[in-house]
$ cat upload.csv   # CSV, C-alpha atoms
chain,number,residue,atom,x,y,z
A,1113,MET,CA,107.4,120.7,96.8
A,1114,LYS,CA,111.2,121.0,96.8
A,1115,GLU,CA,111.5,119.8,100.4
A,1116,THR,CA,109.0,117.0,99.8
A,1117,ARG,CA,111.0,115.8,96.8
A,1118,GLU,CA,114.3,116.0,98.6
A,1119,ARG,CA,112.8,114.0,101.5
A,1120,ALA,CA,111.4,111.4,99.1
A,1121,ARG,CA,114.8,111.1,97.3
A,1122,GLU,CA,116.4,110.3,100.6
A,1123,LEU,CA,113.8,107.8,101.7
A,1124,MET,CA,113.5,106.1,98.3
A,1125,LYS,CA,117.2,105.8,97.6
A,1126,GLY,CA,117.9,102.6,95.7
A,1127,TYR,CA,114.3,102.4,94.5
A,1128,CYS,CA,113.6,105.8,92.9
A,1129,ARG,CA,116.0,108.6,92.2
A,1130,VAL,CA,113.2,111.2,92.1
A,1131,CYS,CA,114.6,112.6,88.9
A,1132,LYS,CA,113.9,116.1,87.9
A,1133,VAL,CA,112.2,114.7,84.8
A,1134,CYS,CA,110.5,111.3,85.6
A,1135,ASP,CA,111.0,109.7,82.2
A,1136,GLY,CA,112.0,106.1,82.9
A,1137,LYS,CA,115.6,106.5,81.7
A,1138,ALA,CA,117.6,106.2,85.0
A,1139,CYS,CA,115.5,103.4,86.3
A,1140,ALA,CA,115.1,101.2,83.2
A,1141,GLY,CA,114.5,97.6,84.1
A,1142,GLU,CA,114.1,98.2,87.8
A,1143,VAL,CA,111.1,96.2,88.6
A,1144,PRO,CA,110.4,95.8,91.6
A,1145,GLY,CA,111.2,99.4,92.1
A,1146,MET,CA,109.7,102.4,90.3
A,1147,GLY,CA,111.1,101.7,86.8
A,1148,GLY,CA,109.8,100.2,83.6
A,1149,LEU,CA,110.1,96.6,82.5
A,1150,GLY,CA,113.0,95.5,80.4
A,1151,THR,CA,114.3,98.4,78.3
A,1152,ALA,CA,111.6,100.6,79.8
A,1153,ALA,CA,110.5,101.5,76.3
A,1154,SER,CA,106.8,101.5,77.3
A,1155,PHE,CA,107.5,103.8,80.3
A,1156,LYS,CA,109.6,106.1,78.2
A,1157,ASN,CA,107.0,106.1,75.3
A,1158,ASN,CA,104.3,107.2,77.8
A,1159,VAL,CA,106.4,110.3,78.7
A,1160,THR,CA,108.0,111.2,75.3
A,1161,ALA,CA,104.7,110.8,73.4
A,1162,LEU,CA,102.9,113.1,75.8
A,1163,ALA,CA,105.7,115.6,75.8
A,1164,GLY,CA,105.5,115.7,72.0
A,1165,VAL,CA,101.9,116.8,72.0
A,1166,ARG,CA,101.8,120.6,71.5
A,1167,LEU,CA,99.2,123.2,72.6
A,1168,ASN,CA,97.6,126.0,70.7
A,1169,MET,CA,98.0,129.2,72.7
A,1170,ARG,CA,95.0,131.6,72.6
A,1171,LEU,CA,94.7,134.8,74.5
A,1172,VAL,CA,92.1,136.9,72.7
A,1173,HIS,CA,89.2,135.8,74.9
A,1174,ASP,CA,87.5,136.4,78.3
A,1175,VAL,CA,88.7,133.3,80.2
A,1176,SER,CA,90.5,134.4,83.3
A,1177,ALA,CA,89.1,132.0,86.0
A,1178,PRO,CA,88.4,128.6,84.4
A,1179,ASP,CA,86.3,126.0,86.2
A,1180,THR,CA,88.3,122.8,86.7
A,1181,SER,CA,85.5,120.9,88.4
A,1182,VAL,CA,83.9,117.8,86.8
A,1183,SER,CA,81.3,115.1,87.6
A,1184,LEU,CA,82.6,111.5,87.1
A,1185,LEU,CA,81.0,108.2,88.0
A,1186,GLY,CA,78.7,109.9,90.4
A,1187,LEU,CA,81.5,111.9,92.0
A,1188,ASP,CA,81.9,115.7,92.1
A,1189,LEU,CA,85.6,116.3,91.7
A,1190,ALA,CA,87.6,119.6,92.0
A,1191,MET,CA,89.5,118.6,88.9
A,1192,PRO,CA,89.4,115.5,86.6
A,1193,VAL,CA,92.3,113.8,88.4
A,1194,LEU,CA,92.6,110.5,90.4
A,1195,ALA,CA,95.6,109.0,92.1
A,1196,ALA,CA,96.5,105.8,90.4
A,1197,PRO,CA,96.5,102.5,92.4
A,1198,ILE,CA,100.1,101.9,93.4
A,1199,GLY,CA,101.3,99.9,96.4
A,1200,GLY,CA,104.1,97.8,97.7
A,1201,VAL,CA,106.1,100.5,99.6
A,1202,SER,CA,108.6,98.0,101.0
A,1203,PHE,CA,109.8,96.6,97.6
A,1204,ASN,CA,108.9,99.4,95.2
A,1205,MET,CA,109.7,102.5,97.2
A,1206,GLY,CA,112.3,101.6,99.8
A,1207,GLY,CA,110.1,101.2,102.9
A,1208,GLY,CA,111.0,104.7,104.3
A,1209,VAL,CA,107.4,105.0,105.3
A,1210,SER,CA,105.0,102.2,106.1
A,1211,GLU,CA,102.3,100.9,103.7
A,1212,GLU,CA,99.7,102.3,106.1
A,1213,GLU,CA,101.2,105.7,106.3
A,1214,TYR,CA,101.7,105.8,102.5
A,1215,ILE,CA,98.2,104.9,101.4
A,1216,GLU,CA,96.5,107.0,104.1
A,1217,ALA,CA,98.5,109.9,102.7
A,1218,VAL,CA,97.3,109.2,99.1
A,1219,VAL,CA,93.6,108.6,100.0
A,1220,GLY,CA,93.4,111.3,102.6
A,1221,GLY,CA,95.4,113.9,100.6
A,1222,CYS,CA,93.2,113.3,97.6
A,1223,ARG,CA,90.0,113.7,99.7
A,1224,ASP,CA,91.4,117.0,101.2
A,1225,SER,CA,92.1,118.2,97.6
A,1226,GLY,CA,88.6,117.4,96.3
A,1227,VAL,CA,89.7,114.5,94.1
A,1228,ILE,CA,89.9,110.7,94.8
A,1229,GLY,CA,92.6,108.2,95.4
A,1230,CYS,CA,92.8,104.6,94.3
A,1231,THR,CA,94.3,101.8,96.3
A,1232,GLY,CA,96.4,98.9,95.0
A,1233,ASP,CA,96.6,95.2,95.5
A,1234,GLY,CA,99.2,92.5,95.6
A,1235,VAL,CA,101.5,90.5,97.9
A,1236,PRO,CA,101.9,90.8,100.9
A,1237,PRO,CA,98.3,91.3,102.2
A,1238,VAL,CA,99.2,94.5,103.9
A,1239,ILE,CA,98.9,96.2,100.5
A,1240,HIS,CA,95.2,95.7,100.1
A,1241,GLU,CA,94.5,95.7,103.9
A,1242,SER,CA,96.0,99.1,104.3
A,1243,GLY,CA,94.2,100.4,101.3
A,1244,TYR,CA,90.8,99.2,102.5
A,1245,ALA,CA,91.5,100.7,106.0
A,1246,ALA,CA,92.4,104.0,104.4
A,1247,ILE,CA,89.2,104.1,102.4
A,1248,SER,CA,87.1,103.1,105.4
A,1249,ALA,CA,88.7,105.9,107.4
A,1250,SER,CA,87.9,108.3,104.6
A,1251,ASP,CA,84.2,107.3,104.8
A,1252,GLY,CA,84.4,105.3,101.6
A,1253,HIS,CA,86.0,108.0,99.6
A,1254,GLY,CA,88.4,105.9,97.6
A,1255,ILE,CA,88.5,103.3,94.8
A,1256,PRO,CA,89.9,99.9,95.5
A,1257,PHE,CA,91.6,98.2,92.6
A,1258,ILE,CA,91.8,94.4,92.7
A,1259,LYS,CA,94.2,92.3,90.5
A,1260,PRO,CA,92.8,89.7,88.1
A,1261,TRP,CA,93.4,86.8,90.5
A,1262,GLU,CA,92.7,83.2,89.6
A,1263,GLY,CA,90.5,81.2,92.0
A,1264,PRO,CA,88.5,82.5,94.9
A,1265,GLU,CA,90.8,85.4,95.9
A,1266,LEU,CA,89.2,87.8,93.5
A,1267,ALA,CA,85.7,87.3,94.9
A,1268,GLU,CA,87.0,87.4,98.4
A,1269,LYS,CA,88.7,90.7,97.9
A,1270,LEU,CA,85.7,92.2,96.2
A,1271,ASP,CA,83.6,91.3,99.2
A,1272,LYS,CA,86.2,92.9,101.5
A,1273,ALA,CA,86.4,96.0,99.4
A,1274,ARG,CA,82.6,96.4,99.7
A,1275,THR,CA,82.9,96.7,103.4
A,1276,THR,CA,84.9,100.0,103.1
A,1277,GLY,CA,81.8,101.9,102.0
A,1278,CYS,CA,83.2,102.7,98.6
A,1279,SER,CA,80.9,103.1,95.6
A,1280,ILE,CA,83.3,102.4,92.8
A,1281,PHE,CA,85.5,99.2,92.3
A,1282,GLY,CA,88.3,98.6,89.8
A,1283,MET,CA,90.3,95.8,88.3
A,1284,ASP,CA,93.7,96.4,86.8
A,1285,VAL,CA,93.5,93.6,84.3
A,1286,ASP,CA,96.9,94.9,82.9
A,1287,ALA,CA,98.4,93.3,86.0
A,1288,ALA,CA,97.8,89.9,84.4
A,1289,GLY,CA,101.4,90.3,83.1
A,1290,LEU,CA,102.9,90.2,86.6
A,1291,VAL,CA,104.5,86.8,86.3
A,1292,THR,CA,106.2,87.2,89.7
A,1293,LEU,CA,102.8,86.7,91.4
A,1294,ARG,CA,102.4,83.3,89.7
A,1295,GLN,CA,105.9,82.4,90.8
A,1296,MET,CA,104.8,83.3,94.4
A,1297,GLY,CA,101.9,80.9,94.1
A,1298,ARG,CA,99.4,83.7,93.7
A,1299,PRO,CA,98.6,83.6,89.9
A,1300,VAL,CA,96.8,86.4,88.0
A,1301,SER,CA,95.5,86.0,84.4
A,1302,PRO,CA,93.6,87.7,81.7
A,1303,LYS,CA,89.8,87.6,82.0
A,1304,THR,CA,87.3,86.6,79.4
A,1305,PRO,CA,84.3,88.8,78.5
A,1306,ALA,CA,82.0,86.3,80.2
A,1307,GLU,CA,84.1,86.4,83.4
A,1308,LEU,CA,84.1,90.2,83.5
A,1309,GLU,CA,80.4,90.4,82.8
A,1310,LYS,CA,79.7,88.2,85.8
A,1311,ILE,CA,81.9,90.3,88.1
A,1312,ILE,CA,80.4,93.6,86.8
A,1313,GLU,CA,76.9,92.3,87.3
A,1314,GLU,CA,77.7,91.5,90.9
A,1315,VAL,CA,79.1,95.0,91.5
A,1316,HIS,CA,76.1,96.6,89.8
A,1317,GLY,CA,73.9,94.5,92.0
A,1318,TRP,CA,75.5,96.2,95.0
A,1319,GLY,CA,74.7,99.6,93.5
A,1320,GLY,CA,78.4,100.1,92.6
A,1321,LYS,CA,80.3,101.1,89.5
A,1322,PHE,CA,83.2,99.2,87.9
A,1323,ILE,CA,86.4,100.5,86.2
A,1324,LEU,CA,88.4,98.2,84.0
A,1325,LYS,CA,92.1,99.4,83.8
A,1326,GLY,CA,94.5,98.3,81.1
A,1327,ILE,CA,92.8,99.0,77.8
A,1328,MET,CA,95.1,99.8,74.9
A,1329,THR,CA,93.1,99.0,71.8
A,1330,PRO,CA,89.6,100.1,70.4
A,1331,ASP,CA,88.4,96.5,70.2
A,1332,GLU,CA,89.0,95.8,73.9
A,1333,ALA,CA,87.4,99.2,74.7
A,1334,LEU,CA,84.3,98.0,72.9
A,1335,LEU,CA,84.4,94.7,74.8
A,1336,ALA,CA,84.6,96.6,78.1
A,1337,ALA,CA,81.5,98.6,77.1
A,1338,ARG,CA,79.6,95.4,76.0
A,1339,VAL,CA,80.2,93.6,79.3
A,1340,GLY,CA,78.9,96.6,81.2
A,1341,ALA,CA,82.0,98.4,82.5
A,1342,ASP,CA,81.2,102.0,83.7
A,1343,ALA,CA,84.7,103.2,82.9
A,1344,ILE,CA,88.0,102.1,81.4
A,1345,VAL,CA,91.5,103.3,82.0
A,1346,VAL,CA,93.7,103.5,78.9
A,1347,SER,CA,96.9,102.2,80.5
A,1348,ASN,CA,100.0,100.0,79.9
A,1349,HIS,CA,100.5,99.6,83.7
A,1350,GLY,CA,103.1,102.3,83.8
A,1351,GLY,CA,105.3,100.3,81.4
A,1352,ARG,CA,105.8,97.7,84.0
A,1353,VAL,CA,104.3,94.6,82.4
A,1354,LEU,CA,105.0,94.6,78.6
A,1355,ASP,CA,108.0,96.2,76.9
A,1356,HIS,CA,107.6,98.1,73.6
A,1357,THR,CA,104.0,99.2,73.8
A,1358,PRO,CA,103.0,102.6,72.5
A,1359,GLY,CA,102.6,105.5,74.9
A,1360,THR,CA,99.0,105.7,76.2
A,1361,VAL,CA,98.4,109.2,74.6
A,1362,GLU,CA,99.2,107.6,71.2
A,1363,VAL,CA,96.3,105.2,71.4
A,1364,LEU,CA,93.9,107.4,73.4
A,1365,PRO,CA,92.2,109.2,70.5
A,1366,GLU,CA,91.3,106.0,68.7
A,1367,VAL,CA,90.2,104.2,71.9
A,1368,ALA,CA,88.1,107.2,73.0
A,1369,ALA,CA,86.4,107.5,69.5
A,1370,ALA,CA,85.3,103.8,69.7
A,1371,VAL,CA,83.4,104.1,73.0
A,1372,ARG,CA,82.8,107.8,73.6
A,1373,GLY,CA,79.4,108.3,75.2
A,1374,ARG,CA,79.1,104.6,76.3
A,1375,LEU,CA,81.4,104.8,79.4
A,1376,ALA,CA,83.8,107.1,81.1
A,1377,ILE,CA,87.3,107.2,79.6
A,1378,LEU,CA,90.3,107.6,82.0
A,1379,VAL,CA,94.0,107.5,81.1
A,1380,ASP,CA,97.3,107.3,82.8
A,1381,GLY,CA,100.9,107.2,81.7
A,1382,GLY,CA,103.5,110.0,81.8
A,1383,VAL,CA,101.2,112.7,83.3
A,1384,ARG,CA,103.5,115.0,85.2
A,1385,ASP,CA,101.8,118.4,85.3
A,1386,GLY,CA,98.7,120.4,84.6
A,1387,ALA,CA,99.5,120.9,80.9
A,1388,ASP,CA,99.7,117.1,80.5
A,1389,VAL,CA,96.2,116.8,82.1
A,1390,LEU,CA,94.9,119.3,79.6
A,1391,LYS,CA,96.5,117.3,76.7
A,1392,MET,CA,94.9,114.1,77.8
A,1393,LEU,CA,91.5,115.7,78.1
A,1394,ALA,CA,91.7,117.3,74.7
A,1395,LEU,CA,92.5,114.0,73.1
A,1396,GLY,CA,89.5,112.1,74.5
A,1397,ALA,CA,89.9,111.4,78.2
A,1398,ASP,CA,87.2,112.4,80.8
A,1399,ALA,CA,89.8,112.2,83.6
A,1400,VAL,CA,93.4,111.2,84.2
A,1401,MET,CA,95.2,109.0,86.7
A,1402,ILE,CA,98.6,110.0,88.1
A,1403,GLY,CA,100.9,107.5,89.6
A,1404,ARG,CA,104.6,108.0,90.3
A,1405,PRO,CA,104.4,111.8,91.1
A,1406,VAL,CA,101.7,111.1,93.7
A,1407,SER,CA,103.8,108.3,95.2
A,1408,VAL,CA,106.8,110.6,95.5
A,1409,ALA,CA,104.7,113.3,97.2
A,1410,ALA,CA,103.2,110.7,99.6
A,1411,VAL,CA,106.6,109.2,100.6
A,1412,GLY,CA,108.3,112.6,100.9
A,1413,GLY,CA,105.5,114.6,102.6
A,1414,LEU,CA,102.7,112.2,103.6
A,1415,ARG,CA,99.2,113.7,103.4
A,1416,GLU,CA,100.5,117.2,103.3
A,1417,GLY,CA,102.9,116.3,100.5
A,1418,VAL,CA,100.0,114.9,98.4
A,1419,VAL,CA,97.9,118.0,99.1
A,1420,LYS,CA,100.8,120.3,98.0
A,1421,TYR,CA,101.4,118.3,94.8
A,1422,LEU,CA,97.7,118.3,93.8
A,1423,ALA,CA,97.5,122.1,94.6
A,1424,ALA,CA,100.4,122.7,92.3
A,1425,LEU,CA,98.9,120.5,89.6
A,1426,LYS,CA,95.6,122.3,89.8
A,1427,GLY,CA,97.4,125.7,89.5
A,1428,GLN,CA,99.2,124.4,86.4
A,1429,LEU,CA,95.9,123.1,84.9
A,1430,ILE,CA,94.2,126.5,85.5
A,1431,GLN,CA,97.1,128.3,83.8
A,1432,ALA,CA,97.0,126.0,80.8
A,1433,MET,CA,93.3,126.5,80.5
A,1434,VAL,CA,93.6,130.2,80.6
A,1435,LEU,CA,96.4,130.2,78.0
A,1436,THR,CA,94.3,128.0,75.6
A,1437,GLY,CA,91.0,129.8,76.1
A,1438,SER,CA,89.3,126.9,77.9
A,1439,ALA,CA,86.6,128.1,80.2
A,1440,ASP,CA,85.7,124.7,81.7
A,1441,ILE,CA,86.5,121.1,81.3
A,1442,ALA,CA,83.8,120.6,78.7
A,1443,SER,CA,85.5,123.2,76.5
A,1444,VAL,CA,88.8,121.3,76.4
A,1445,THR,CA,88.6,119.8,73.0
A,1446,PRO,CA,91.0,118.9,70.2
A,1447,ARG,CA,91.0,122.6,69.3
A,1448,VAL,CA,93.6,123.2,71.9
A,1449,ILE,CA,96.0,120.7,70.2
A,1450,TRP,CA,98.4,122.0,67.6
A,1451,ASN,CA,98.4,119.7,64.5
A,1452,GLY,CA,101.1,121.4,62.4

$ encode --input "upload.csv" --output "structure tokens"
Amino acid sequence: MKETRERARELMKGYCRVCKVCDGKACAGEVPGMGGLGTAASFKNNVTALAGVRLNMRLVHDVSAPDTSVSLLGLDLAMPVLAAPIGGVSFNMGGGVSEEEYIEAVVGGCRDSGVIGCTGDGVPPVIHESGYAAISASDGHGIPFIKPWEGPELAEKLDKARTTGCSIFGMDVDAAGLVTLRQMGRPVSPKTPAELEKIIEEVHGWGGKFILKGIMTPDEALLAARVGADAIVVSNHGGRVLDHTPGTVEVLPEVAAAVRGRLAILVDGGVRDGADVLKMLALGADAVMIGRPVSVAAVGGLREGVVKYLAALKGQLIQAMVLTGSADIASVTPRVIWNG
């Protein structure tokens, strides 16, 4: 990964420093770009809170080759990891590669690695168009996320997404805080339970599943379950829409406890290595989404870079499972977390 990161640092200059530790400090306030909004407290809280979770090391057991595979939303994955929906290469990542090259690397690299990539949405149209093309080229193996647009744009993009052959659709309702889109004449806004229920009913009518991203409280997790969502993502949008939120791992246990067994629970925010994946699983997640590190791998090494990053991540997860006595994903429980 060293060459991939060095290449990404060169191509993303002025937009991302590809820091040794991606913690939001050097890029605070750089939105657009890869930073966090305002003071970047939300971005930094994601990283520091997760780093503060400690693991119980156990080595008196027979676990030497743990099974990282998992079934999620009808998918069989090599590990409980998804690439988060991130787009806008020209204004967020420096434009060193094209939007088409970038998202093909994410979607294709995830498929090669036995996991699944999500695609983003926004302005200009090339963001969602490239994402949909990549999913189509990958035989529907991808998850398109659509922003909570006002007016007919939401329904139009859902219809377009359906033509990719995908079986899962997502909405990053946390993008409702992107005021720049309203300033560009393309407003996004929060959605009422009734609005979400109507959207989800339509997706279910197609035989698809629906993920609602941007849940940070137990009451909204319960609302998501009530309106029929198949999964939620505990997420503060990478700290890019509201300053001073808690880190996602801080709210994950309470959110998961509220809806466990009713829908799939995903989480993003500060996940950097396999040990971080293990922590999130132990605290209630069924799978994790990873954003910035996948973007760096895609810009710096395209499809091969994504494959290399995910291979390294899987190796780290296996190592962490061995060192905590976790034979498979189902056995990753709060017992692996140190509560001293």

$ closest_residue --input "upload.csv" --among "A:Gly1234, A:Gly1427, A:Pro1264, A:Gly1320" --to "Ala1387 in chain A" --atoms "only C-alpha atoms"
A:Gly1427

$ closest_residue --input "upload.csv" --among "A:Gly1326, A:Gly1297, A:Pro1178, A:Gly1164" --to "Ala1432 in chain A" --atoms "only C-alpha atoms"
A:Pro1178

$ residues_around --input "upload.csv" --residues "range 1205-1222 of chain A" --least-positions-apart "6" --cutoff "6 Å" --atoms "all atoms listed in the file" --output "JSON list (two decimals) with C-alpha atoms, keeping the file's coordinate frame"
[["chain", "number", "residue", "atom", "x", "y", "z"],
["A", 1123, "LEU", "CA", 113.80, 107.80, 101.70],
["A", 1124, "MET", "CA", 113.50, 106.10, 98.30],
["A", 1127, "TYR", "CA", 114.30, 102.40, 94.50],
["A", 1228, "ILE", "CA", 89.90, 110.70, 94.80],
["A", 1229, "GLY", "CA", 92.60, 108.20, 95.40],
["A", 1242, "SER", "CA", 96.00, 99.10, 104.30],
["A", 1246, "ALA", "CA", 92.40, 104.00, 104.40],
["A", 1410, "ALA", "CA", 103.20, 110.70, 99.60],
["A", 1414, "LEU", "CA", 102.70, 112.20, 103.60],
["A", 1415, "ARG", "CA", 99.20, 113.70, 103.40],
["A", 1418, "VAL", "CA", 100.00, 114.90, 98.40],
["A", 1419, "VAL", "CA", 97.90, 118.00, 99.10]]

$ closest_atom_pairs --input "upload.csv" --of "range 1181-1214 of chain A" --to "range 1131-1149 of chain A" --cutoff "10 Å" --atoms "all atoms listed in the file" --output "JSON lines"
{"residue": "A:Gly1200", "atom": "CA", "partner": "A:Pro1144", "partner_atom": "CA", "distance": 9.0}
{"residue": "A:Val1201", "atom": "CA", "partner": "A:Gly1145", "partner_atom": "CA", "distance": 9.1}
{"residue": "A:Ser1202", "atom": "CA", "partner": "A:Gly1145", "partner_atom": "CA", "distance": 9.4}
{"residue": "A:Phe1203", "atom": "CA", "partner": "A:Pro1144", "partner_atom": "CA", "distance": 6.1}
{"residue": "A:Asn1204", "atom": "CA", "partner": "A:Gly1145", "partner_atom": "CA", "distance": 3.9}
{"residue": "A:Met1205", "atom": "CA", "partner": "A:Gly1145", "partner_atom": "CA", "distance": 6.2}
{"residue": "A:Gly1206", "atom": "CA", "partner": "A:Gly1145", "partner_atom": "CA", "distance": 8.1}

$ atom_distance --input "upload.csv" --atom1 "CA of Glu1309 in chain A" --atom2 "CA of Pro1330 in chain A"
18.2 Å

$ decode --input "upload.csv" --residues "range 1178-1266 of chain A" --atoms "C-alpha atoms" --output "PDB file, in the first residue's frame"
ATOM      1  CA  PRO A1178     -11.286 -17.599  11.833  1.00  0.00           C
ATOM      2  CA  ASP A1179     -14.108 -17.312   9.322  1.00  0.00           C
ATOM      3  CA  THR A1180     -14.720 -13.684   8.325  1.00  0.00           C
ATOM      4  CA  SER A1181     -17.610 -14.387   5.952  1.00  0.00           C
ATOM      5  CA  VAL A1182     -21.113 -13.089   6.605  1.00  0.00           C
ATOM      6  CA  SER A1183     -24.554 -12.963   4.991  1.00  0.00           C
ATOM      7  CA  LEU A1184     -26.084  -9.514   4.839  1.00  0.00           C
ATOM      8  CA  LEU A1185     -29.232  -8.291   3.085  1.00  0.00           C
ATOM      9  CA  GLY A1186     -29.228 -11.357   0.861  1.00  0.00           C
ATOM     10  CA  LEU A1187     -25.536 -11.015   0.012  1.00  0.00           C
ATOM     11  CA  ASP A1188     -22.757 -13.433   0.866  1.00  0.00           C
ATOM     12  CA  LEU A1189     -19.704 -11.329   1.699  1.00  0.00           C
ATOM     13  CA  ALA A1190     -16.111 -12.367   2.374  1.00  0.00           C
ATOM     14  CA  MET A1191     -16.123 -10.035   5.377  1.00  0.00           C
ATOM     15  CA  PRO A1192     -18.662  -7.613   6.899  1.00  0.00           C
ATOM     16  CA  VAL A1193     -17.332  -4.577   5.040  1.00  0.00           C
ATOM     17  CA  LEU A1194     -18.798  -2.206   2.445  1.00  0.00           C
ATOM     18  CA  ALA A1195     -17.216   0.765   0.705  1.00  0.00           C
ATOM     19  CA  ALA A1196     -19.119   3.880   1.746  1.00  0.00           C
ATOM     20  CA  PRO A1197     -20.795   6.055  -0.897  1.00  0.00           C
ATOM     21  CA  ILE A1198     -18.349   8.860  -1.698  1.00  0.00           C
ATOM     22  CA  GLY A1199     -18.179  10.807  -4.952  1.00  0.00           C
ATOM     23  CA  GLY A1200     -17.197  14.166  -6.349  1.00  0.00           C
ATOM     24  CA  VAL A1201     -13.623  13.424  -7.387  1.00  0.00           C
ATOM     25  CA  SER A1202     -13.083  16.809  -9.039  1.00  0.00           C
ATOM     26  CA  PHE A1203     -13.994  18.948  -6.016  1.00  0.00           C
ATOM     27  CA  ASN A1204     -13.319  16.549  -3.121  1.00  0.00           C
ATOM     28  CA  MET A1205     -10.233  14.634  -4.264  1.00  0.00           C
ATOM     29  CA  GLY A1206      -8.400  16.834  -6.721  1.00  0.00           C
ATOM     30  CA  GLY A1207      -9.479  15.331 -10.021  1.00  0.00           C
ATOM     31  CA  GLY A1208      -6.283  13.328 -10.500  1.00  0.00           C
ATOM     32  CA  VAL A1209      -8.419  10.496 -11.818  1.00  0.00           C
ATOM     33  CA  SER A1210     -11.816  10.772 -13.477  1.00  0.00           C
ATOM     34  CA  GLU A1211     -15.104  10.128 -11.705  1.00  0.00           C
ATOM     35  CA  GLU A1212     -15.595   7.103 -13.967  1.00  0.00           C
ATOM     36  CA  GLU A1213     -12.159   5.649 -13.169  1.00  0.00           C
ATOM     37  CA  TYR A1214     -12.609   6.245  -9.466  1.00  0.00           C
ATOM     38  CA  ILE A1215     -16.003   4.640  -8.975  1.00  0.00           C
ATOM     39  CA  GLU A1216     -15.182   1.716 -11.286  1.00  0.00           C
ATOM     40  CA  ALA A1217     -12.181   1.077  -9.043  1.00  0.00           C
ATOM     41  CA  VAL A1218     -14.348   1.124  -5.912  1.00  0.00           C
ATOM     42  CA  VAL A1219     -17.186  -1.035  -7.243  1.00  0.00           C
ATOM     43  CA  GLY A1220     -14.945  -3.411  -9.198  1.00  0.00           C
ATOM     44  CA  GLY A1221     -12.308  -3.690  -6.491  1.00  0.00           C
ATOM     45  CA  CYS A1222     -14.953  -4.510  -3.900  1.00  0.00           C
ATOM     46  CA  ARG A1223     -16.442  -7.183  -6.139  1.00  0.00           C
ATOM     47  CA  ASP A1224     -12.982  -8.685  -6.724  1.00  0.00           C
ATOM     48  CA  SER A1225     -12.517  -8.792  -2.945  1.00  0.00           C
ATOM     49  CA  GLY A1226     -15.822 -10.472  -2.178  1.00  0.00           C
ATOM     50  CA  VAL A1227     -17.460  -7.424  -0.625  1.00  0.00           C
ATOM     51  CA  ILE A1228     -19.641  -4.669  -2.094  1.00  0.00           C
ATOM     52  CA  GLY A1229     -19.181  -1.022  -2.955  1.00  0.00           C
ATOM     53  CA  CYS A1230     -21.705   1.800  -2.640  1.00  0.00           C
ATOM     54  CA  THR A1231     -21.955   4.710  -5.048  1.00  0.00           C
ATOM     55  CA  GLY A1232     -22.653   8.348  -4.297  1.00  0.00           C
ATOM     56  CA  ASP A1233     -24.875  11.097  -5.610  1.00  0.00           C
ATOM     57  CA  GLY A1234     -24.741  14.857  -5.983  1.00  0.00           C
ATOM     58  CA  VAL A1235     -23.878  17.600  -8.421  1.00  0.00           C
ATOM     59  CA  PRO A1236     -22.732  17.377 -11.224  1.00  0.00           C
ATOM     60  CA  PRO A1237     -24.698  14.457 -12.740  1.00  0.00           C
ATOM     61  CA  VAL A1238     -21.492  12.578 -13.599  1.00  0.00           C
ATOM     62  CA  ILE A1239     -21.354  11.454  -9.955  1.00  0.00           C
ATOM     63  CA  HIS A1240     -24.484   9.315 -10.049  1.00  0.00           C
ATOM     64  CA  GLU A1241     -24.174   8.496 -13.758  1.00  0.00           C
ATOM     65  CA  SER A1242     -20.686   7.059 -13.275  1.00  0.00           C
ATOM     66  CA  GLY A1243     -21.864   5.143 -10.224  1.00  0.00           C
ATOM     67  CA  TYR A1244     -24.789   3.592 -12.037  1.00  0.00           C
ATOM     68  CA  ALA A1245     -22.565   2.668 -14.989  1.00  0.00           C
ATOM     69  CA  ALA A1246     -20.083   0.976 -12.663  1.00  0.00           C
ATOM     70  CA  ILE A1247     -22.832  -1.054 -10.982  1.00  0.00           C
ATOM     71  CA  SER A1248     -24.249  -2.082 -14.353  1.00  0.00           C
ATOM     72  CA  ALA A1249     -20.780  -3.142 -15.522  1.00  0.00           C
ATOM     73  CA  SER A1250     -20.452  -5.181 -12.339  1.00  0.00           C
ATOM     74  CA  ASP A1251     -23.709  -7.050 -13.079  1.00  0.00           C
ATOM     75  CA  GLY A1252     -25.655  -5.168 -10.437  1.00  0.00           C
ATOM     76  CA  HIS A1253     -23.101  -5.802  -7.688  1.00  0.00           C
ATOM     77  CA  GLY A1254     -23.203  -2.426  -5.999  1.00  0.00           C
ATOM     78  CA  ILE A1255     -25.476  -0.271  -3.868  1.00  0.00           C
ATOM     79  CA  PRO A1256     -26.536   3.134  -5.213  1.00  0.00           C
ATOM     80  CA  PHE A1257     -27.153   5.780  -2.557  1.00  0.00           C
ATOM     81  CA  ILE A1258     -29.448   8.660  -3.466  1.00  0.00           C
ATOM     82  CA  LYS A1259     -29.594  11.940  -1.606  1.00  0.00           C
ATOM     83  CA  PRO A1260     -32.872  13.118  -0.010  1.00  0.00           C
ATOM     84  CA  TRP A1261     -33.771  15.428  -2.879  1.00  0.00           C
ATOM     85  CA  GLU A1262     -36.852  17.599  -2.911  1.00  0.00           C
ATOM     86  CA  GLY A1263     -39.220  17.343  -5.873  1.00  0.00           C
ATOM     87  CA  PRO A1264     -39.147  14.710  -8.635  1.00  0.00           C
ATOM     88  CA  GLU A1265     -35.369  14.180  -8.678  1.00  0.00           C
ATOM     89  CA  LEU A1266     -35.511  11.533  -5.961  1.00  0.00           C
TER      90      LEU A1266
END
